[in-house]
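*Asks:* Pasting in a structure now, in structure tokens, and then I'll have a few things to ask.
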2 protein chains.
Amino acid sequence: MTRTVIEHVLSRLREIGVDAVFGVPGDYSFAVSDAVCNDPGLRWVGCCNELNAAYAADGYARIKGVAALSTTYGVGELSAINGVAGAYAEHLPVFHLVGTPSMATQAARALMHHTLGNGEYDLYRRMSEPVVCAQAVMTPQNVVYETERLIAEAMHHRRPVYMAFPSDLAVMPVAGQAQPIESARSDPAALEAAAEAILASLSAADSACVLPGILVARTGSRAAMQALIDASGLPFATMFMAKSVLDEQQPAYVGMYDGALMTPSVREFVEGAERVLVVGSPMTDFNTGAFTARLDPGHTITIGHHHTQVEGRIYANVEMGELLELLSRKTPKRNWPRKPANSAEATNSPTGRGGDPISVDALYPRWAHFIRAEDLVVAETGTVSMGLGFAHLPSEARFHNQTLWGSIGWATPAAFGVAVAAPERRVVLLTGEGSHQLTVQELGQFGRLGMKPVVFVLNNSGYLIERLLNKEPAISYNDVASWRYTELPHALGCDGWMTARVSTCGELDDALAAAATADCGVYIEVVTDTYAASPLARKLGDGLKALRKG
Amino acid sequence: MTRTVIEHVLSRLREIGVDAVFGVPGDYSFAVSDAVCNDPGLRWVGCCNELNAAYAADGYARIKGVAALSTTYGVGELSAINGVAGAYAEHLPVFHLVGTPSMATQAARALMHHTLGNGEYDLYRRMSEPVVCAQAVMTPQNVVYETERLIAEAMHHRRPVYMAFPSDLAVMPVAGQAQPIESARSDPAALEAAAEAILASLSAADSACVLPGILVARTGSRAAMQALIDASGLPFATMFMAKSVLDEQQPAYVGMYDGALMTPSVREFVEGAERVLVVGSPMTDFNTGAFTARLDPGHTITIGHHHTQVEGRIYANVEMGELLELLSRKTPKRNWPRKPANSAEATNSPTGRGGDPISVDALYPRWAHFIRAEDLVVAETGTVSMGLGFAHLPSEARFHNQTLWGSIGWATPAAFGVAVAAPERRVVLLTGEGSHQLTVQELGQFGRLGMKPVVFVLNNSGYLIERLLNKEPAISYNDVASWRYTELPHALGCDGWMTARVSTCGELDDALAAAATADCGVYIEVVTDTYAASPLARKLGDGLKALRKG
């Protein structure tokens, strides 16, 4: 039987790895939601609101490499647009499927609900343009080709795309056929030349360090990157956005490099190396220690997603994954200078016990020890992620953070999306309470789907990172409403969860011990002093204050 | 002392009626939030997230005629954009104040947090263009004039405007002076001609009816509209979007006109009148009974916001308020045919008692009887508002609904904004549980500010309006997570509230009786059958299904 427009698109999304569609239904998008529910290979994952659905799709895409989001026209898509923008900034291919009024309704310029009342029907698509890498209105005539084009664009750029489905056209049979567009391949000569240039550059150096960046993860190049590390003997450090992109428990791992802000020994090692191989790492403020990273351009080799730069020369049409793979075969093993095997910051021993308040030195090491191998850690923007970002993670644990976009509220729904994508792994969500308030309702989804995450809510009586950045930390707008957080899981339908509110080290220890063995969802409110800020949060605050003056 | 850019803007917003600014702080918008907190005439009202803040501003603007919203760059403004679009559709002048990176940061094209990582700094402002009527980046040089221009635009169109405040410029002293731009005045000849044409048209008719629309409220023309009703003796009906724009307890009130969908007697009266005077009423789908309203153009006089149309002729540059005022002085009193004094739909007596389940006929009349004079009723899109929209409201009670934009989730934060704007009046929020889930956290704000609203959450196990519109009502995406709603107020910090969960008529009666005299916040979960739909919801469902086929 001939497939409909929406069925065709969904079947192709399935083929590239999508098995769940996050969204909120609406009358203009029934055709999309219907088709998802009727596709045995897909699962409709209803979220409480569209922004949360977009964040959940973001989380899912971090695990699966691709995600789909379904919203209705106007009210739905615009509610989600900040989450889509986040996926753009963070290089996540999220397919945003938007159900729109029928072509007849649009042609009539009818004054329908969810319009601005001006008969204009193309405004919201245009509003989305800056935050997606490609768009199309899907019709029976164009759908087979446009689907391939949008898939190719999304995967080439690792960015979201926007697909509009007029309600009448969505259920019409598709016309024509098209083959998938092959993903970009390197120009063979350029690839070879880039590899030779890198090998030559490395061979002339006595010391070197790799900085594998977030695009290594986003492009699915982890294995190739690891192979290069293994084959070459090169040491590596990671910057904030790419924390845990490679296993932190290997001898080649030097530690977290955050410019001048943190860990001077790592900084000296990285900045003192005669060659630094930067692989897919955007040099943004929070990824460079507020621009304190000082990488000598003359010593820096940059492997980008689609091009590479070596000693001032740019090699275009060189694909990161292919180059890493080629280098892993060609790079001779050398006994590169490394810091001693255990040089990566050992996680400090926690301080405090019994009735002691939960200081920073008490909290973050305890959290670090709590994380176990293969955990998926979702850490919210703010002091929480900045604290945990310097923990030495166990094997195959992954750390997720929205380092560039930095939209508070992201973590709670993103953790849900991560859990949907990886039901076999433990998900640990760490968030400040101010951020948690933005999107708290999505907590209920864990309960609805019977999931068992571990949730830590750091209650420090307001937006701590903002207090640190603010010239008047106690100003009232950094306060948030006082909630009884531990009552939330039950109220939101999470049955049988373990909850605890802890404000002393002893209570925290007890809760962590119970959580470690709990066979249920866990929700722990950790109460600290208002100004108990992780070291990086404090330093970034100072750094950004200086930048803002610029 | 010379004022800064942001101080100047805030002082002008104060002068036009703003006394609270809704928002979420962020580091790029500290200058805005600081200035709000430091202005003794303004109050910072922090919301849980930016969309909720935008909805709250929408609610506040419905009462005060104007509102202000403060968000940070990128993540904040984009999260709010759906709420701003709603204010556009619903004709509410919301001033969206957006704090942005400094001009130096922008000029450097620095890769800062909350950017897309591409050095582009003007994208989000452009994304806002379709949903505001004017925009400006505020600088020391332009601020005095641009502020007047934006105020004039916002008030002329009753639409939102966008004001960007680069963090460095926001705190610089203003340069220059400017006078407020006078609001548009009618062309005297056109005004006179339009009035004469209307008088002539009415004098030639034996029957007539006024349809005062939402712009009567939005333009502050209620008194002039009432004066015309009083002076002329004309009867009036209201359409959905403008319910309660005039007091429903006066003899001139005919009832709710909703095309062919509801109340045939009102339809016959309105459509049978020899003249229908439509005043500021957008003819949208949900405002016209799914386009079943049949107003003969030859019999229709249309008074728009800035122009009037009488018997095919358009009178430009005629301001609604001035025309209504002139007509109220010129229109002779006549004994226009009216339905009998009590013809407006009497609110039916509720059915059911004791252990009876809460049917539609049990519920809506009880809610109608619960509303008392001067209540501010905020009713969510969906079956709730469609049910209550046909209640005969007591004197000076006002009904608020997002009839055109129809973004579910609006009502909960909007009710909060209404409560901030009118602390002396009782606020009654009625929402379905599916809608409530989108924005539920804002409930906590009532508790935080010690407010005492009455909140009804209709729990019918999913998105009922969508089930009605859907060809497969039971399809899984119309389900929502099962929450324990009555636990929410306490969890969200609303202390001392009365809560109840009722699923029988007797329980509902008890809860309503207790709520009527409660001196505290009230939160009542009303459990009905999954398909207990108000009559209009059922009919609109059928009507829209037909339209969608078009």
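In the structure tokens, chains take the letters A, B, ... in the order shown, each chain's residues start at 1, and ligands count up from 1 in the order shown.
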For Leu323 (chain A), find every residue with an atom within 8 Å (counting only C-alpha atoms), except residues of its own chain fewer than 3 positions away, and show them as a list in words.
*Replies:*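 Everything that qualifies: Leu191, Ala194, Ala195, Val318, Glu319, Met320, Leu326 and Leu327 of chain A.
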*Asks:* For the selection you just gave me, I'd like the residues written to a file as a short mmCIF file (atom, residue, chain, number, x, y, z; two decimals), in the first residue's frame, keeping C-alpha atoms.
*Replies:*
data_model
loop_
_atom_site.label_atom_id
_atom_site.label_comp_id
_atom_site.auth_asym_id
_atom_site.auth_seq_id
_atom_site.Cartn_x
_atom_site.Cartn_y
_atom_site.Cartn_z
CA LEU A 191 42.14 13.73 3.44
CA ALA A 194 45.65 16.60 6.00
CA ALA A 195 46.70 13.34 7.61
CA VAL A 318 37.93 16.50 5.15
CA GLU A 319 35.47 14.64 7.34
CA MET A 320 36.36 14.39 10.98
CA LEU A 326 42.97 7.30 8.94
CA LEU A 327 45.16 8.83 11.62
#
*Asks:* I'd like the contact shell of region 241-246 of chain B - 10 Å cut-off, only C-alpha atoms, skipping same-chain residues fewer than 5 positions apart - returned as a PyMOL selection string.
*Replies:* chain B and resi 90+211-218+221-223+225-226+229+236+253+255-257+280-284+286-288+389-404
*Asks:* Measure the distance from CA of Arg12 (chain B) to CA of Pro180 (chain B) in Å and round it to one decimal.
*Replies:*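 Spanning CA of Arg12 (chain B) to CA of Pro180 (chain B) is a straight-line distance of 9.3 Å.
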*Asks:* Which neighbours of Thr292 (chain A) fall inside 9 Å, counting only C-alpha atoms, when residues of the same chain fewer than 3 positions from it are skipped, and could you give them as a compact mmCIF listing (two decimals) with N, CA and C atoms, in the first residue's frame?
*Replies:*
# COMPACT_ATOMS: atom_id res chain seq x y z
N ASP A 258 40.39 23.81 31.62
CA ASP A 258 39.44 24.92 31.64
C ASP A 258 40.18 26.25 31.70
N GLY A 259 41.17 26.37 30.82
CA GLY A 259 41.93 27.61 30.77
C GLY A 259 42.60 27.88 32.10
N ALA A 260 42.58 29.16 32.47
CA ALA A 260 43.27 29.55 33.69
C ALA A 260 42.40 29.39 34.92
N LEU A 261 41.15 28.95 34.72
CA LEU A 261 40.24 28.96 35.86
C LEU A 261 40.45 27.79 36.82
N ASP A 285 32.58 30.65 25.55
CA ASP A 285 32.98 31.19 26.86
C ASP A 285 33.09 30.12 27.94
N THR A 288 35.94 27.49 27.56
CA THR A 288 37.34 27.95 27.54
C THR A 288 37.72 28.66 28.83
N GLY A 289 36.99 28.35 29.89
CA GLY A 289 37.29 29.04 31.14
C GLY A 289 37.13 30.54 30.99
N GLY A 543 35.09 35.80 36.22
CA GLY A 543 35.54 35.97 34.85
C GLY A 543 34.49 36.67 33.99
*Asks:* What are the closest atom pairs, with distances in Å to one decimal, for all residues of chain B lying within 6 Å of chain A? Consider only C-alpha atoms, order rows by chain and residue number, and present the result as CSV.
*Replies:*
residue,atom,partner,partner_atom,distance
B:Cys48,CA,A:Leu438,CA,5.2
B:Asn49,CA,A:Leu438,CA,4.8
B:Val75,CA,A:Ser407,CA,5.4
B:Leu78,CA,A:Asn82,CA,5.0
B:Ser79,CA,A:Asn82,CA,5.3
B:Asn82,CA,A:Leu78,CA,5.1
B:Ala89,CA,A:Leu116,CA,4.5
B:Ala104,CA,A:Gly550,CA,6.0
B:Leu111,CA,A:Thr284,CA,4.7
B:Met112,CA,A:Asp285,CA,5.2
B:His113,CA,A:Leu404,CA,4.9
B:His114,CA,A:Trp405,CA,4.6
B:Leu116,CA,A:Ala89,CA,4.5
B:Met127,CA,A:Met127,CA,4.7
B:Thr284,CA,A:Leu111,CA,4.7
B:Asp285,CA,A:Met112,CA,5.2
B:Leu404,CA,A:His113,CA,4.9
B:Trp405,CA,A:His114,CA,4.6
B:Ser407,CA,A:Val75,CA,5.4
B:Gln437,CA,A:Cys48,CA,5.7
B:Leu438,CA,A:Asn49,CA,4.8
B:Arg448,CA,A:Ala481,CA,5.9
B:Ala481,CA,A:Arg448,CA,5.9
B:Ser482,CA,A:Gly493,CA,5.8
B:Trp483,CA,A:Leu492,CA,4.6
B:Arg484,CA,A:Ala491,CA,4.6
B:Glu487,CA,A:Ala491,CA,5.3
B:Leu488,CA,A:Ala491,CA,5.9
B:Ala491,CA,A:Arg484,CA,4.6
B:Leu492,CA,A:Trp483,CA,4.6
B:Gly493,CA,A:Trp483,CA,4.7
B:Gly550,CA,A:Ala104,CA,5.9
*Asks:* Output N, CA and C atoms for every residue in the selection just made, as a tab-separated table (two decimals), in the first residue's frame.
*Replies:*
chain	number	residue	atom	x	y	z
B	48	CYS	N	8.25	31.37	37.48
B	48	CYS	CA	9.06	30.15	37.45
B	48	CYS	C	9.77	29.98	36.11
B	49	ASN	N	9.13	30.39	35.03
B	49	ASN	CA	9.80	30.34	33.73
B	49	ASN	C	9.26	31.46	32.85
B	75	VAL	N	17.78	32.36	25.38
B	75	VAL	CA	17.03	31.35	26.11
B	75	VAL	C	15.77	31.90	26.76
B	78	LEU	N	13.20	33.61	23.88
B	78	LEU	CA	12.59	32.58	23.02
B	78	LEU	C	11.63	31.69	23.81
B	79	SER	N	11.93	31.47	25.08
B	79	SER	CA	10.98	30.71	25.90
B	79	SER	C	9.66	31.47	26.04
B	82	ASN	N	6.07	32.45	22.65
B	82	ASN	CA	4.69	32.02	22.42
B	82	ASN	C	3.70	32.85	23.23
B	89	ALA	N	-2.00	38.28	19.32
B	89	ALA	CA	-3.28	37.81	18.79
B	89	ALA	C	-4.46	38.38	19.57
B	104	ALA	N	30.09	45.71	23.00
B	104	ALA	CA	31.47	45.25	22.76
B	104	ALA	C	31.48	43.76	22.49
B	111	LEU	N	31.82	34.11	21.12
B	111	LEU	CA	31.02	32.88	21.23
B	111	LEU	C	30.53	32.72	22.67
B	112	MET	N	29.55	33.54	23.01
B	112	MET	CA	29.05	33.59	24.38
B	112	MET	C	27.91	32.60	24.59
B	113	HIS	N	27.69	32.26	25.86
B	113	HIS	CA	26.53	31.44	26.21
B	113	HIS	C	25.24	32.15	25.77
B	114	HIS	N	24.25	31.37	25.47
B	114	HIS	CA	22.96	31.85	24.94
B	114	HIS	C	23.04	32.34	23.49
B	116	LEU	N	24.01	31.04	19.42
B	116	LEU	CA	24.02	29.79	18.67
B	116	LEU	C	25.45	29.35	18.34
B	127	MET	N	13.52	37.06	15.06
B	127	MET	CA	12.51	36.03	15.27
B	127	MET	C	11.25	36.62	15.91
B	284	THR	N	-13.19	35.46	14.15
B	284	THR	CA	-12.36	34.26	14.12
B	284	THR	C	-13.21	33.01	14.35
B	285	ASP	N	-12.58	31.86	14.14
B	285	ASP	CA	-13.34	30.60	14.20
B	285	ASP	C	-14.09	30.42	15.53
B	404	LEU	N	-8.68	33.46	20.61
B	404	LEU	CA	-8.03	33.34	19.30
B	404	LEU	C	-6.73	32.53	19.40
B	405	TRP	N	-5.86	32.91	20.30
B	405	TRP	CA	-4.56	32.24	20.37
B	405	TRP	C	-4.73	30.81	20.88
B	407	SER	N	-3.75	28.97	23.46
B	407	SER	CA	-2.56	28.21	23.86
B	407	SER	C	-2.84	27.57	25.21
B	437	GLN	N	-1.26	21.07	33.44
B	437	GLN	CA	0.06	20.44	33.52
B	437	GLN	C	1.14	21.25	32.81
B	438	LEU	N	0.78	22.00	31.78
B	438	LEU	CA	1.80	22.73	31.02
B	438	LEU	C	2.52	23.77	31.87
B	448	ARG	N	3.30	32.17	47.26
B	448	ARG	CA	4.46	33.00	47.57
B	448	ARG	C	4.04	34.43	47.91
B	481	ALA	N	-0.40	12.31	32.14
B	481	ALA	CA	0.06	11.62	33.35
B	481	ALA	C	-0.96	11.82	34.47
B	482	SER	N	-1.12	10.79	35.29
B	482	SER	CA	-2.02	10.87	36.45
B	482	SER	C	-1.29	11.52	37.61
B	483	TRP	N	-1.79	12.64	38.02
B	483	TRP	CA	-1.18	13.34	39.14
B	483	TRP	C	-2.12	13.32	40.34
B	484	ARG	N	-1.55	13.62	41.50
B	484	ARG	CA	-2.37	13.83	42.69
B	484	ARG	C	-2.49	15.35	42.87
B	487	GLU	N	-2.41	17.53	46.07
B	487	GLU	CA	-1.16	17.63	46.85
B	487	GLU	C	-0.28	18.79	46.35
B	488	LEU	N	-0.62	19.30	45.19
B	488	LEU	CA	0.26	20.29	44.57
B	488	LEU	C	0.36	21.61	45.34
B	491	ALA	N	2.80	21.21	48.14
B	491	ALA	CA	4.15	20.95	47.64
B	491	ALA	C	4.77	22.23	47.06
B	492	LEU	N	3.93	23.05	46.44
B	492	LEU	CA	4.43	24.26	45.79
B	492	LEU	C	4.41	25.47	46.72
B	493	GLY	N	4.25	25.22	47.99
B	493	GLY	CA	4.43	26.29	48.97
B	493	GLY	C	3.20	27.14	49.23
B	550	GLY	N	-12.06	20.84	4.88
B	550	GLY	CA	-12.05	21.81	3.78
B	550	GLY	C	-10.66	21.94	3.17
*Asks:* Give me, as a list in words, the residues of region 57-159 of chain B that a backbone DSSP run labels strand (DSSP E).
*Replies:*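 Filtering region 57-159 of chain B down to strand (DSSP E) leaves Ala67, Ala68, Leu69, Ser70, Thr71, Thr72, Val94, Phe95, His96, Leu97, Val98, Gly99, Thr100, Ala134, Gln135, Ala136 and Val137 of chain B.
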*Asks:* List as a PDB file with N, CA and C atoms, in the first residue's frame the protein and nucleic acid residues near Lys333 (chain A), meaning an atom at most 9 Å away when only C-alpha atoms are counted, but skip any in the same chain fewer than 4 places from it.
*Replies:*
ATOM      1  N   ASP A 230      44.605   5.297  21.347  1.00  0.00           N
ATOM      2  CA  ASP A 230      45.237   4.009  21.633  1.00  0.00           C
ATOM      3  C   ASP A 230      46.454   3.778  20.732  1.00  0.00           C
ATOM      4  N   ALA A 231      46.285   4.070  19.437  1.00  0.00           N
ATOM      5  CA  ALA A 231      47.352   3.758  18.485  1.00  0.00           C
ATOM      6  C   ALA A 231      48.554   4.670  18.671  1.00  0.00           C
ATOM      7  N   SER A 232      48.278   5.931  18.986  1.00  0.00           N
ATOM      8  CA  SER A 232      49.352   6.925  18.987  1.00  0.00           C
ATOM      9  C   SER A 232      50.047   7.040  20.325  1.00  0.00           C
ATOM     10  N   GLY A 233      49.328   6.644  21.381  1.00  0.00           N
ATOM     11  CA  GLY A 233      49.867   6.911  22.706  1.00  0.00           C
ATOM     12  C   GLY A 233      49.734   8.354  23.141  1.00  0.00           C
ATOM     13  N   LEU A 234      48.986   9.147  22.376  1.00  0.00           N
ATOM     14  CA  LEU A 234      48.824  10.554  22.728  1.00  0.00           C
ATOM     15  C   LEU A 234      47.982  10.709  23.995  1.00  0.00           C
TER      16      LEU A 234
END
*Asks:* To one decimal place in Å, what is the distance between CA of Ala511 (chain B) and CA of Gly382 (chain B)?
*Replies:*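 Interatomic distance here is 23.1 Å.
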